[in-house]
Every structure is written in C-alpha cells, then in structure tokens.
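Data block below; observations after.
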Amino acid sequence: MKLLKKLIAALAFAPAMVLASGGTFPLDHAPDRSTDLPALQNGAKLFVNYCLNCHSASAMRYNRLKDIGLTDDQIKQNLLFTGEKVGDLMKTTMSAKDAKEWFGAVPPDLSVIARAKASGDGTGADWIYTYLRTYYKDDSRPTGWNNKVFPNVGMPHVLWELQGEQEEKFVEEKDPHDASKKVHKFVGFDLVKPGTMNKIEYDNAVGDLVAYMQWMGEPAQNTRRRLGVWVLLFLATLATLAWRLNASYWKEVK
Amino acid sequence: MAFVEKKLPADAPVVDKALNWVDSRFPLTKLWNDQWGKYYAPKNFNFWYIFGSLAMLVLVIQIVTGIFLVMHYKPDANLAFASVEYIMRDVPWGWLVRYMHSTGASAFFIVVYLHMTRAFLYGSYRKPRELIWLFGFAIFLCLMAEAFFGYLLPWGQMSYWGAQVIVNLFGAIPFIGPDLSLWIRGDYVVSDATLNRFFSFHVIAIPLVLLGLVAAHLIALHEVGSNNPDGIEIKDNIGPDGHPVDGVPSHPYYTFHDIFGVTVFLTIFSAVVFFAPEMGGYFLEYNNFIPADSLKTPSHIAPTWYFTPFYSILRATTSEFLFVVQAGVVAYVALIWLTTKLPQLLKIAIAAIALVAIAGMMPGALDAKFWGVVLFGGSVMILALLPWLDVSPVKSIRYRPDWHKYVYIVFGIAFVALGYLGVQAPSPIGERVSQVCAVIYFGFFMLMPWWSAMGTFKPVPKRVTFAAH
C-alpha cells in the first residue's frame with residue numbers, strides 16, 4: 001500500500017521531470033539581473049539602440065519601462081527617436097518585405113523571445129546570452145558572420161562595434177577513438193580586431209541586455225514573485241487554521 | 001391538491017419565513033440536505049477522498065478565470081497570440097487570471113487522475129456505482145476535449161501543430177477520413193476557421209455538457225452513497241437514528257475536512273502560479289511563445305503532458321507492432337473460447353470480429369496509423385468498461401490478495417512510463433519500451449475478468465476501519 005502511494009505521488013510529479021537533449025553548443029549561464037534596475041535600464045537602452053531597428057517587440061509598451069525605474073520624460077528623451085508616443089508599442093519601422101529581401105527572413109518579434117528560447121539545455125536568457133557572444137567571422141556567409149548557437153543565422157553581428165571581430169580557434173587533437181586520426185576541435189575564439197569594449201565589459205553589457213529581454217518577456221514577473229510570497233504566507237496560515245478547525249470537529253467522531 | 005404553505009408563528013425570524021416561502025415553492029432545504037447537509041458519508045475517508053472536491057474547485061477556477069479571459073481574448077488568427085500577451089501585460093491582473101487558467105488546466109488533470117486512482121484502489125466503480133463511473137468517464141472525455149480545444153487558442157506553434165497532428169489522426173479512418181478531418185478543421189490546414197470553432201467549443205459547448213455531467217455524477221453519488229477505503233456498504237449497518245452507524249453527515253464534518261484540503265491544495269497551486277507558471281515547460285510549453293506559423297513545422301511536436309500516456313500508445317503502433325497485436329487478438333479469442341461459458345453465438349461473433357481485425361492488420365491492408373488511432377481511442381474507451389471487467393469478490397485493494405497490489409503497481413508504472421515517453425522525441429529504445437507498456441496497459445484491462453477473481457481474498461470486516469482522531 002505504501003509503495004502504491006509513492007507510485008501515485010510519482011505520477012503527480014512526472015511532469016516535473018525534465019528531458020535533456022544533447023548535441024547542441026553548450027550554453028553559458030546568463031547572470032540573473034531580473035531585479036537589478038540599473039542593469040535593466042542599461043539593457044533597455046542597448047535593446048532600443050541595437051535591436052529595435054530591425055526587430056519589433058510589439059507586445060511591449062515604452063511606458064511599461066516605468067516598472068524598471070524610468071520616468072516618462074527619461075523614456076521620451078532617451079529612447080524615442082522617430083516621433084513615437086510614450087504609450088506606443090515597440091514596433092519597428094523596417095517593413096517585412098524589406099527584411100525578407102535583406103536578411104532572407106523577417107526578424108522575429110522579440111517580446112517573448114526569452115521565453116520561447118528556453119529548452120532542456122538552459123533558459124531562454126542563457127540561449128540569448130550565449131548567442132550574442134558567439135558570433136564569428138565567416139566569409140562563406142552572405143553577411144560575413146556566423147554563429148555557434150544559431151548556425152548560418154541570417155542576422156549579422158549587430159554588436160560587432162562593441163565586441164570586435166572574432167574568429168573560431170581550433171586545435172588538432174588525437175582522435176580518442178582512433179589514434180591514427182586527428183580531430184579538428186573547436187576550443188574558443190581569437191579576437192582579430194578589438195571592439196570598443198574589452199571581454200569583461202562586453203559580457204557585462206550583453207548580460208544587461210539579456211536581463212532586459214528576460215524581464216520584457218514577462219514584465220509582471222517581479223510583481224508576481226513579490227505577491228506570491230504574501231499569498232503563500234496567507235494560505236499557509238489559513239491552512240493551519242483550517243487544519244485545527246477540522247480537528248476540533250472530528251474530535252467528537254468515535 | 002391545493003397549494004398549502006406551512007404556517008410559521010408570526011414572531012418567527014425573517015430568515016425562517018423567507019426560507020419557508022422558498023421551500024414551499026422549490027425544494028431548497030431538501031436539495032441541500034440530500035446533496036450535502038444530511039448526506040451521510042463514511043467516516044473513514046482518507047487522503048484519496050479529497051480529489052473530488054478539488055476537481056470541483058478547479059472547475060470553478062477554470063470557469064471564473066475563463067469568463068474574464070474571454071473578455072479580452074480575440075479568437076482571430078491574426079490577433080489571438082497578441083491578445084494573450086495583451087492580457088499578460090495591459091489587462092490589470094490579467095497575468096494572474098491567465099496563469100490561474102493555464103495552471104488550472106494541468107491541475108485539473110492531476111486532480112482527476114488521482115481521483116480515478118482512488119476509484120481503482122477501492123473499487124469505487126463497482127456495483128451499485130457503475131453509473132457514477134460512467135458519468136465520471138464522460139467527464140474525463142469532456143475534459144480532454146476541453147483541454148484540446150483550449151490549447152489551440154493561444155495560437156502558438158505548439159497550439160497550432162498539436163491541433164494539426166490530432167485532427168490529422170481522423171484522416172486515418174478509411175474512406176471518410178480525409179473529408180472528416182477537412183470538416184473538423186473547416187479548411188485544408190488549421191486556420192482562422194478552426195480557431196473560431198475551437199473557441200466556440202471551448203467556451204460554450206463543452207463546458208455546458210461538462211456541468212450537466214458533473215451534476216449527474218454528484219446526484220448519482222448521493223443517491224447510492226459513497227464507497228470508502230474498506231469497500232463496504234455503510235448503508236448495510238443502520239443505527240437507531242436511521243442513519244448509517246459508520247457515516248457522518250457531510251456538514252459539518254466533510255465541509256471542514258474539505259476546506260482544509262482546499263487550503264492545502266491552493267497553497268501548492270499558488271506556489272506554481274506565482275513561482276513556476278511554466279512548470280519547466282510542461283504547463284506552458286516554450287515553443288508556444290512563438291506565434292503559430294503554418295510554414296514552419298517544429299522538429300518535435302508533443303501533446304501536453306496529460307495526453308501523453310495515450311499518445312504514446314498511438315506512437316507505439318508501428319507496422320511491426322501490429323504482428324504483436326494480431327498474436328494478442330488470437331490468444332485473447334482462444335482464452336475466451338476455452339475458459340468462458342459465454343453463449344456459443346457470442347463466442348462466434350467475437351471470433352468473427354477478431355478475424356476481421358486480424359485481416360485488417362495484415363501488411364497491405366489498413367495501415368498502422370489507422371490501428372494506432374484505434375488503439376489510442378481504445379486505450380481511453382476501455383476505462384468505461386471497468387465496472388464490468390473487475391469481477392473480484394471484494395471491492396477494496398485492502399482485502400485483495402497481495403499480488404494484486406503488484407499488478408496495480410506494474411500497471412501504474414506502465415502508465416507513467418507511457419506518459420514520460422510521450423513527451424520525449426521518438427527513439428528506437430523508447431518505441432520498444434512504449435510497446436511493452438502498451439501491452440501491459442491493455443493486458444491489465446482485458447485480462448481483468450480472469451485475474452481479478454484469482455487468489456486468496458482476505459475477510460472483509462463488517463464495520464469500517466476507523467481510528468478516532
């Protein structure tokens with residue numbers, strides 16, 4: 001009977017079992033800055049300056065940025081360039097037709113991209129964080145750029161001025177399965193032309209950008225967690241009272 | 001007969017007078033007493049008996065949150081995805097309502113699966129409760145339909161392709177299949193027309209049927225009385241007050257018992273809603289944050305977790321597996337002929353049906369996909385037969401032979417394994433394991449008329465097992 005109970009408890013938790021899928025580029029962990037307002041604000045600035053020219057974030061209103069500590073005036077003066085109103089959605093001016101012609105595909109809307117890119121390999125933030133740091137020069141591609149996480153990506157390296165230009169670095173290693181053969185193994189990147197930021201600064205900037213995109217995927221998330229603590233405390237108290245109330249009724253049942 | 005209203009003294013409280021006025025015209029007090037207030041339930045209910053009330057609670061949560069979602073949701077292929085994000089961002093408390101609804105969908109299935117497990121353990125579907133079980137089974141079907149139709153509404157990639165795959169299953173039916181799936185979709189692919197009709201089913205048709213069935217389920221239950229972990233009838237032992245000795249009135253005992261259960265459930269439910277609404281991609285799938293795109297097929301399409309045990313059976317049915325099914329059908333007919341005393345005509349009919357099925361499974365006849373759909377449907381429908389498949393002399397697992405417990409454990413493991421494999425991408429090993437589990441699944445039910453009566457049963461007590469609190 002005990003075993004049966006355990007088994008059925010396991011059934012309830014079966015959905016929590018996460019499946020692993022392998023064979024893809026290992027993802028780095030994005031730093032958690034979901035409540036770090038200066039980082040989110042810097043991320044918002046990078047996002048509006050670098051991403052929003054081609055991508056939209058059409059579920060996101062500019063004035064929602066007030067949630068991460070910006071005022072309407074700050075938003076107007078720093079983030080609105082083409083006559084949008086502060087209550088507008090983050091639409092892009094590039095037409096889908098042009099985009100298709102220039103990049104071969106319409107750049108996806110980024111409103112919830114950080115949620116869409118989650119998988120068994122890591123969170124969506126991990127994916128974007130690794131993706132934006134693994135662009136490398138590849139002359140075989142029309143844009144001259146390729147990416148480790150998203151091979152043959154249509155988007156060129158938009159942040160190249162900041163990161164600089166890097167190339168893949170390989171070493172020849174003995175094949176562990178066949179000593180007579182060598183394998184061409186990717187070990188990292190060579191910076192061939194430095195950007196305006198060094199590696200630490202660049203990683204930090206991308207960390208901010210990713211934190212912003214993660215926040216933008218669900219702007220209510222911090223409210224949700226804050227409120228959740230109170231809800232659980234309330235329900236735990238209520239459950240305790242209900243437990244004792246129930247016991248006081250059942251005391252008389254013999 | 002002339003209408004006679006009970007006379008209350010002139011100084012009776014206003015509430016009593018009002019109630020008397022209503023009771024003379026509508027059986028309000030009688031309904032309350034029959035259905036709950038004076039409904040005597042066994043006093044030995046355990047943990048497993050909370051899930052009926054919880055299912056009711058989740059139903060209410062789904063209906064109430066659903067009403068508010070419909071106020072802001074747009075059932076239009078061009079607007080649906082954005083309207084969900086609008087609810088998540090611009091509608092005050094929209095995120096909470098939406099998360100409650102999406103978490104509620106999974107919670108509904110968790111609660112209902114546990115509720116059904118209880119019935120399995122204590123034989124709650126046995127005579128005289130067959131109709132309760134059948135109403136419950138119909139509720140389960142409605143729930144699956146409700147979840148399936150509702151899952152298309154966010155119009156994400158998984159919504160879209162999940163619906164596409166399931167509707168295409170109907171295409172496997174010989175002759176009428178392609179036209180049938182076209183008729184269901186209302187278009188050649190899942191499209192705006194499909195979204196609109198699924199919306200209609202999700203918010204009107206199925207909930208109406210569901211509510212009716214829930215009422216029938218409860219009325220039938222309160223008519224025959226609840227089963228209990230000992231599987232004995234408390235009505236067989238009536239005390240001097242005319243009520244079962246081992247029963248307690250639902251109010252106040254089970255009222256407060258259930259309120260306690262509800263608070264514990266809501267604590268767990270809220271922990272998910274507020275801290276893990278995606279539940280690792282199982283309650284809200286990651287791919288569903290990408291808007292539906294009829295030109296981009298996702299590499300791995302899986303239904304939501306609560307469908308996967310049955311979906312796995314569908315996937316396990318390969319042309320190779322059909323040989324196993326054929327052998328199984330032959331063995332089953334032989335078993336019926338050799339060990340049962342059914343009328344000769346019925347035996348011949350069974351053999352004839354089996355012969356047609358075996359012929360249909362021959363290579364070059366109906367393809368494996370069709371039989372996959374048959375087994376998929378059969379794996380759900382077979383649940384309805386449970387009251388007539390189980391012939392054990394006792395209801396509760398407590399008084400069954402010990403080895404019966406292992407049969408249930410193996411069945412449970414097979415069911416969970418099927419569910420687990422159904423969310424995984426297909427693999428050769430997974431396919432083999434799911435085939436073994438599918439055999440166990442069907443074997444459990446189809447052989448039940450034999451194994452459930454076998455072994456040494458323990459004596460069933462006259463009174464329920466109950467330790468005072």
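Identifiers in this document derive from the order of the structure tokens: chains are assigned A, B, ..., residues are numbered from 1 separately in each chain, and ligands are numbered from 1 in order of occurrence.
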Task: Distance query Tyr39 in chain B at most 12 Å, only C-alpha atoms, self and fewer than 5 positions along chain excluded, as number ranges by chain - done: B: 30-34, 218-219, 221-226, 235, 243-244, 247-255
Output for the residues just chosen: N, CA and C atoms as a tab-separated table (two decimals), in the first residue's frame:
chain	number	residue	atom	x	y	z
B	30	LYS	N	-34.49	20.70	1.03
B	30	LYS	CA	-34.41	19.27	0.71
B	30	LYS	C	-33.16	18.99	-0.13
B	31	LEU	N	-32.93	19.84	-1.14
B	31	LEU	CA	-31.76	19.67	-2.01
B	31	LEU	C	-30.48	19.72	-1.19
B	32	TRP	N	-30.38	20.72	-0.37
B	32	TRP	CA	-29.19	20.89	0.46
B	32	TRP	C	-28.98	19.65	1.34
B	33	ASN	N	-30.07	19.19	1.99
B	33	ASN	CA	-29.93	18.05	2.89
B	33	ASN	C	-29.60	16.76	2.14
B	34	ASP	N	-30.24	16.57	0.98
B	34	ASP	CA	-29.99	15.34	0.22
B	34	ASP	C	-28.58	15.33	-0.35
B	218	LEU	N	-22.75	13.78	-9.35
B	218	LEU	CA	-22.98	14.03	-7.93
B	218	LEU	C	-24.34	13.50	-7.47
B	219	ILE	N	-25.37	13.68	-8.32
B	219	ILE	CA	-26.70	13.18	-7.94
B	219	ILE	C	-26.65	11.67	-7.82
B	221	LEU	N	-24.05	9.85	-7.15
B	221	LEU	CA	-23.25	9.52	-5.96
B	221	LEU	C	-24.09	9.63	-4.69
B	222	HIS	N	-24.82	10.74	-4.57
B	222	HIS	CA	-25.58	10.96	-3.34
B	222	HIS	C	-26.81	10.06	-3.27
B	223	GLU	N	-27.20	9.48	-4.41
B	223	GLU	CA	-28.30	8.53	-4.41
B	223	GLU	C	-27.84	7.19	-3.81
B	224	VAL	N	-26.73	6.66	-4.32
B	224	VAL	CA	-26.30	5.33	-3.85
B	224	VAL	C	-25.37	5.41	-2.64
B	225	GLY	N	-24.77	6.55	-2.42
B	225	GLY	CA	-23.86	6.70	-1.28
B	225	GLY	C	-22.42	6.44	-1.67
B	226	SER	N	-21.51	7.01	-0.88
B	226	SER	CA	-20.09	6.92	-1.20
B	226	SER	C	-19.53	5.57	-0.82
B	235	LYS	N	-24.48	1.58	4.34
B	235	LYS	CA	-25.95	1.55	4.44
B	235	LYS	C	-26.46	0.20	4.93
B	243	HIS	N	-29.67	6.44	10.54
B	243	HIS	CA	-28.53	6.79	9.70
B	243	HIS	C	-27.46	5.71	9.83
B	244	PRO	N	-26.60	5.57	8.82
B	244	PRO	CA	-25.55	4.56	8.90
B	244	PRO	C	-24.67	4.78	10.13
B	247	GLY	N	-21.41	6.31	9.26
B	247	GLY	CA	-21.47	7.52	8.45
B	247	GLY	C	-21.51	8.76	9.33
B	248	VAL	N	-21.05	9.87	8.75
B	248	VAL	CA	-21.20	11.17	9.42
B	248	VAL	C	-21.85	12.10	8.41
B	249	PRO	N	-22.69	13.04	8.90
B	249	PRO	CA	-23.27	13.98	7.94
B	249	PRO	C	-22.16	14.82	7.29
B	250	SER	N	-22.27	15.04	6.00
B	250	SER	CA	-21.21	15.76	5.29
B	250	SER	C	-20.97	17.13	5.91
B	251	HIS	N	-22.11	17.77	6.31
B	251	HIS	CA	-21.95	19.03	7.02
B	251	HIS	C	-22.19	18.79	8.50
B	252	PRO	N	-21.29	19.16	9.39
B	252	PRO	CA	-20.09	19.98	9.15
B	252	PRO	C	-18.80	19.16	8.90
B	253	TYR	N	-18.88	17.82	9.08
B	253	TYR	CA	-17.61	17.08	9.12
B	253	TYR	C	-16.80	17.18	7.84
B	254	TYR	N	-17.45	16.84	6.71
B	254	TYR	CA	-16.66	16.91	5.48
B	254	TYR	C	-16.57	18.32	4.92
B	255	THR	N	-17.45	19.21	5.36
B	255	THR	CA	-17.30	20.61	4.94
B	255	THR	C	-15.94	21.13	5.40
Open item on the list: as a ChimeraX atom specification, please: the residues near Ala125 in chain A (cut-off 6 Å, only C-alpha atoms, same-chain neighbours under 4 positions excluded).
Closed with: /A:30,114,129,210
Same residues, N, CA and C atoms, output as a PDB file, in the first residue's frame:
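Saved the output as result.pdb:
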ATOM      1  N   ALA A  30      23.407  32.850 -18.111  1.00  0.00           N
ATOM      2  CA  ALA A  30      23.255  34.300 -18.097  1.00  0.00           C
ATOM      3  C   ALA A  30      23.173  34.755 -16.642  1.00  0.00           C
ATOM      4  N   ALA A 114      12.685  35.595 -24.969  1.00  0.00           N
ATOM      5  CA  ALA A 114      13.432  34.967 -23.881  1.00  0.00           C
ATOM      6  C   ALA A 114      12.669  33.780 -23.302  1.00  0.00           C
ATOM      7  N   TYR A 129      22.152  34.922 -24.223  1.00  0.00           N
ATOM      8  CA  TYR A 129      23.439  35.353 -23.678  1.00  0.00           C
ATOM      9  C   TYR A 129      24.587  34.672 -24.426  1.00  0.00           C
ATOM     10  N   VAL A 210      20.424  40.992 -21.985  1.00  0.00           N
ATOM     11  CA  VAL A 210      19.660  39.752 -21.830  1.00  0.00           C
ATOM     12  C   VAL A 210      18.716  39.865 -20.629  1.00  0.00           C
TER      13      VAL A 210
END
With a distance cut-off of 10 Å and only C-alpha atoms, select the neighbouring residues of Asn198 in chain A, excluding the residue or stretch itself and same-chain residues fewer than 5 positions from it, and output the selection as a PDB file with C-alpha atoms, in the first residue's frame.
ATOM      1  CA  LEU A 162      31.329  46.700 -29.063  1.00  0.00           C
ATOM      2  CA  GLN A 163      32.736  43.174 -29.124  1.00  0.00           C
ATOM      3  CA  GLY A 164      35.126  43.498 -32.045  1.00  0.00           C
ATOM      4  CA  ASP A 203      29.925  40.200 -21.403  1.00  0.00           C
ATOM      5  CA  ASN A 204      28.559  42.606 -18.833  1.00  0.00           C
TER       6      ASN A 204
END
Task: From A:Pro38, A:Pro219, A:Phe103, A:Leu159, residue lying nearest Arg141 in chain A [only C-alpha atoms] - done: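 Distance minimum relative to Arg141 in chain A lands on A:Phe103.
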TODO: Considering only C-alpha atoms, return as JSON, numbers by chain whatever protein or nucleic-acid residues lie within 10 Å of Tyr306 in chain B, sequence-local ones (same chain, fewer than 6 positions apart) excluded.
DONE: {"A": [15], "B": [105, 106, 107, 108, 109, 110, 113, 144, 147, 282, 283, 419, 422, 423]}
TODO: Using only C-alpha atoms, determine which residues of chain A fall within 7 Å of chain B; present them as a ChimeraX atom specification.
DONE: /A:4,11-12,15-16,59,112,115-119,219,224-225,228,232,235-236,238-239,242-243,246,249-251,253-254
Using only C-alpha atoms, which residues sit within 9 Å of Met197 in chain A once same-chain residues fewer than 2 positions away are excluded, as a tab-separated table (two decimals) with N, CA and C atoms, in the first residue's frame?
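Output contents, as saved in result-v3.tsv:
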chain	number	residue	atom	x	y	z
A	161	GLU	N	30.71	46.37	-33.16
A	161	GLU	CA	31.49	47.54	-32.74
A	161	GLU	C	31.92	47.42	-31.29
A	162	LEU	N	31.04	46.83	-30.48
A	162	LEU	CA	31.33	46.70	-29.06
A	162	LEU	C	32.27	45.53	-28.80
A	163	GLN	N	31.96	44.38	-29.42
A	163	GLN	CA	32.74	43.17	-29.12
A	163	GLN	C	34.02	43.11	-29.93
A	164	GLY	N	34.02	43.70	-31.13
A	164	GLY	CA	35.13	43.50	-32.04
A	164	GLY	C	34.84	42.30	-32.93
A	194	PRO	N	39.90	44.25	-32.06
A	194	PRO	CA	39.21	44.59	-30.82
A	194	PRO	C	38.09	45.60	-31.05
A	195	GLY	N	37.06	45.52	-30.22
A	195	GLY	CA	35.96	46.48	-30.29
A	195	GLY	C	36.16	47.57	-29.26
A	199	LYS	N	36.58	42.16	-23.11
A	199	LYS	CA	35.70	41.00	-22.97
A	199	LYS	C	34.78	41.11	-21.75
A	200	ILE	N	35.36	41.56	-20.63
A	200	ILE	CA	34.54	41.66	-19.41
A	200	ILE	C	33.43	42.68	-19.58
A	201	GLU	N	33.78	43.83	-20.18
A	201	GLU	CA	32.77	44.87	-20.39
A	201	GLU	C	31.67	44.39	-21.35
A	202	TYR	N	32.12	43.67	-22.40
A	202	TYR	CA	31.14	43.21	-23.39
A	202	TYR	C	30.19	42.18	-22.77
Open item on the list: Report, in Å to a single decimal, how far apart CA of Phe444 in chain B and CA of Ala368 in chain B are.
Closed with: 22.8 Å
TODO: Enumerate as a VMD selection string all residues of range 114-237 of chain A assigned to strand (DSSP E) by DSSP on the backbone, naming them with the chain letters and numbers the document uses.
DONE: chain A and resid 135 to 137 145 to 147 164 to 175 178 to 194
Go ahead and save the picked residues with C-alpha atoms, as a compact mmCIF listing (two decimals), in the first residue's frame.
# COMPACT_ATOMS: atom_id res chain seq x y z
CA TYR A 135 29.36 35.47 -33.40
CA TYR A 136 32.46 34.91 -35.53
CA LYS A 137 33.78 35.96 -38.94
CA TRP A 145 29.11 36.43 -39.93
CA ASN A 146 28.20 33.10 -38.46
CA ASN A 147 27.17 31.94 -35.01
CA GLY A 164 35.13 43.50 -32.04
CA GLU A 165 35.65 40.74 -34.59
CA GLN A 166 36.47 37.22 -33.54
CA GLU A 167 37.38 34.05 -35.37
CA GLU A 168 37.00 30.42 -34.41
CA LYS A 169 40.09 28.81 -32.86
CA PHE A 170 40.79 25.14 -33.45
CA VAL A 171 43.41 22.68 -32.25
CA GLU A 172 44.40 19.39 -33.83
CA GLU A 173 43.89 16.62 -31.34
CA LYS A 174 44.34 12.89 -31.47
CA ASP A 175 41.04 11.15 -32.02
CA ASP A 178 41.32 6.14 -33.38
CA ALA A 179 44.93 7.06 -32.58
CA SER A 180 45.91 7.29 -36.25
CA LYS A 181 43.46 10.14 -36.90
CA LYS A 182 43.36 13.74 -35.83
CA VAL A 183 40.25 15.70 -34.95
CA HIS A 184 39.70 19.37 -35.61
CA LYS A 185 38.46 20.63 -32.25
CA PHE A 186 36.87 24.00 -31.52
CA VAL A 187 38.44 25.49 -28.40
CA GLY A 188 37.29 29.11 -28.42
CA PHE A 189 37.67 32.36 -30.27
CA ASP A 190 40.58 34.59 -31.34
CA LEU A 191 39.88 38.30 -31.19
CA VAL A 192 41.23 39.53 -34.52
CA LYS A 193 40.03 43.12 -34.24
CA PRO A 194 39.21 44.59 -30.82
- [ ] Would you kindly return, as a PyMOL selection string, each protein, DNA or RNA residue with an atom no farther than 12 Å from any atom of range 229-233 of chain B, considering only C-alpha atoms and excluding same-chain residues fewer than 4 positions away?
- [x] (chain A and resi 1) or (chain B and resi 40-49+118-129+224-225+237-238+244-247+392-400+458-466)
Task: Nearest residue to Ala215 in chain B from the set B:Ala172, B:Gly136, B:Val165, B:Val190 (distances using only C-alpha atoms) - done: B:Gly136
Open item on the list: Taking the DSSP secondary structure from the backbone, can you list the residues of range 152-242 of chain A that are alpha helix (DSSP H), as a VMD selection string?
Closed with: chain A and resid 160 to 163 199 to 217 221 to 242
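CA of Met361 in chain B is positioned 27.1 Å from CA of Trp183 in chain B.
A straight line drawn from CA of Ser452 in chain B to CA of His404 in chain B is 7.6 Å long.
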Taking 6 positions as the minimum chain separation for residues in the same chain, which residues sit within 12 Å of Leu346 in chain B when counting only C-alpha atoms? Answer as a CSV table (one decimal) with C-alpha atoms, in the first residue's frame.
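Result file around06.csv:
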chain,number,residue,atom,x,y,z
B,333,VAL,CA,-10.1,-15.2,-28.6
B,336,ILE,CA,-12.5,-16.6,-24.3
B,337,TRP,CA,-13.4,-19.8,-26.2
B,340,THR,CA,-15.6,-18.8,-20.5
B,352,ALA,CA,-15.6,-13.1,-36.4
B,353,ILE,CA,-14.8,-9.6,-35.3
